[in-house]
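S.K.: Please see the structure below; I have some questions.
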Amino acid sequence: MTALRDRLLARVRRDDGMTLVELLVAVSLFAVLLAIVGGTFYSITRATTFAAARDSNSRVASTAMNEMVKMIRGAADNPKVGANDDPAFLSAGRNSLTLTTLVSSGRSAVPQRVGFSLSAAGVLTENIVIGSTTDNTYYSFTGAGTTQAIASGIEVPSSTGTPVFQYLDKLSNPVTPDPATGVLTSDQAGQVAFVQLSIRVSSTSSALKNGITLQNTVGLPNLLEPTGDPT
């Protein structure tokens, strides 16, 4: 009995290591666990990146839209001495717009000439020229003014896509720029009662579908009267 007991204890205490089957099972379990942890980490990282990009795009789009709405809503004709008023919209195209604006409602505000333009690189710039006058009645705009980029990462619309600027008359009918010049004629400019704005901002540094589209229709309270009455 003593000899048998000694042999059993010796076998129990012997360390033969892991068999090949046990090693393969352990490696497989570790690989599965690693895949689960890695997949979870990737999903969290992707979701965080997506949310951050969407938030950034939303802020860029909102800033640009707010600035354009503010300036366009204050659009007003510019009176001329002994001639028809200059129309508020000096050059109105699909992705660019130059106008005279009072910024705030009321003729007491100093007019400004404001130009918005979307470059081929997706940068939206704003140029402002402050009006000057000698009699506080009739204003002119001279000089280059100040130019600043108000948004970047804007998707440039295709020729058949939705443009940044669309123009409507008082019956909400489209006023389409002249195909030959790409801008409204002077007669068309005097018909504009609303401007529809549309911009889409997306991150160029991310392959995620994180674009933000903002649209707005801006009324023109200072242009309720017909354009071009001689003074």
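Going through the structure tokens in order, the chains are called A, B, and so on, while each chain numbers its residues from 1 and the ligands are numbered from 1 in the order shown.
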Return as a ChimeraX atom specification the full set of residues in segment 103-215 of chain A whose backbone-based DSSP assignment is alpha helix (DSSP H).

M.R.: /A:186-189

S.K.: Under the rule of at most 12 Å, produce a per-residue listing of segment 134-160 of chain A near segment 212-218 of chain A: chain, number, name, the closest pair of atoms, and the distance in Å, as a Markdown table, using only C-alpha atoms.

M.R.:
```
| residue | atom | partner | partner_atom | distance |
| --- | --- | --- | --- | --- |
| A:Gly153 | CA | A:Ile212 | CA | 10.6 |
| A:Ile154 | CA | A:Ile212 | CA | 9.5 |
| A:Glu155 | CA | A:Thr213 | CA | 9.7 |
```

S.K.: Nearest to Ala121 of chain A among A:Met68, A:Ala149, A:Ala83, A:Leu197, with distances taken over only C-alpha atoms: which residue is it?

M.R.: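 Among the listed residues, A:Ala149 lies closest to Ala121 of chain A.
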
S.K.: Val114 of chain A: which residues within 9 Å, counting only C-alpha atoms, same-chain residues fewer than 6 positions away excluded, as an MDAnalysis selection string?

M.R.: chainID A and resid 71:72 97:101 126:130

S.K.: Go ahead and dump the residues you just picked, N, CA and C atoms, as a short mmCIF file (atom, residue, chain, number, x, y, z; two decimals), in the first residue's frame.

M.R.:
```
data_model
loop_
_atom_site.label_atom_id
_atom_site.label_comp_id
_atom_site.auth_asym_id
_atom_site.auth_seq_id
_atom_site.Cartn_x
_atom_site.Cartn_y
_atom_site.Cartn_z
N MET A 71 -26.79 89.30 -43.43
CA MET A 71 -26.47 90.29 -44.45
C MET A 71 -27.54 90.36 -45.54
N ILE A 72 -28.03 89.20 -45.97
CA ILE A 72 -29.01 89.18 -47.06
C ILE A 72 -30.34 89.75 -46.61
N LEU A 97 -22.61 85.93 -54.65
CA LEU A 97 -23.63 86.96 -54.53
C LEU A 97 -22.99 88.24 -53.99
N THR A 98 -23.25 89.35 -54.68
CA THR A 98 -22.81 90.66 -54.21
C THR A 98 -24.04 91.55 -54.09
N LEU A 99 -24.20 92.18 -52.94
CA LEU A 99 -25.41 92.96 -52.69
C LEU A 99 -25.09 94.17 -51.83
N THR A 100 -26.03 95.11 -51.85
CA THR A 100 -25.98 96.24 -50.93
C THR A 100 -26.89 95.93 -49.76
N THR A 101 -26.39 96.10 -48.57
CA THR A 101 -27.17 95.75 -47.39
C THR A 101 -27.08 96.84 -46.34
N GLU A 126 -16.20 86.21 -47.50
CA GLU A 126 -17.08 87.38 -47.42
C GLU A 126 -16.24 88.63 -47.57
N ASN A 127 -16.64 89.49 -48.49
CA ASN A 127 -15.96 90.77 -48.69
C ASN A 127 -16.93 91.89 -48.34
N ILE A 128 -16.47 92.84 -47.53
CA ILE A 128 -17.32 93.95 -47.08
C ILE A 128 -16.65 95.27 -47.41
N VAL A 129 -17.40 96.14 -48.10
CA VAL A 129 -16.95 97.51 -48.38
C VAL A 129 -17.97 98.45 -47.74
N ILE A 130 -17.51 99.28 -46.82
CA ILE A 130 -18.38 100.22 -46.13
C ILE A 130 -18.69 101.40 -47.06
#
```

S.K.: List as a list of chain:residue names the protein and nucleic acid residues near Val110 of chain A, meaning an atom at most 9 Å away when only C-alpha atoms are counted, but skip any in the same chain fewer than 4 places from it.

M.R.: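 In the requested form, the answer reads A:Thr101, A:Leu102, A:Val103, A:Ile130, A:Gly131, A:Ser132, A:Asn136, A:Tyr139.
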
S.K.: Between A:Pro174, A:Ala61, A:Ser56, A:Phe89, which has the minimum distance to Arg73 of chain A (counting only C-alpha atoms)?

M.R.: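 Comparing A:Pro174, A:Ala61, A:Ser56, A:Phe89 against Arg73 of chain A, the winner is A:Phe89.
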
S.K.: Considering only C-alpha atoms, can you say which of A:Tyr42, A:Tyr138, A:Ser96, A:Pro157 comes closest to Asn78 of chain A?

M.R.: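 Using only C-alpha atoms, Asn78 of chain A sits closest to A:Tyr138.
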
S.K.: Taking only C-alpha atoms into account, name the residue in A:Ala53, A:Val164, A:Ala31, A:Ala64 that is nearest to Arg94 of chain A.

M.R.: A:Val164

S.K.: Nearest to Lys70 of chain A: which of A:Gly219, A:Val32, A:Tyr167, A:Ala180 is it, counting only C-alpha atoms?

M.R.: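 Of the candidates, the smallest distance to Lys70 of chain A is held by A:Gly219.
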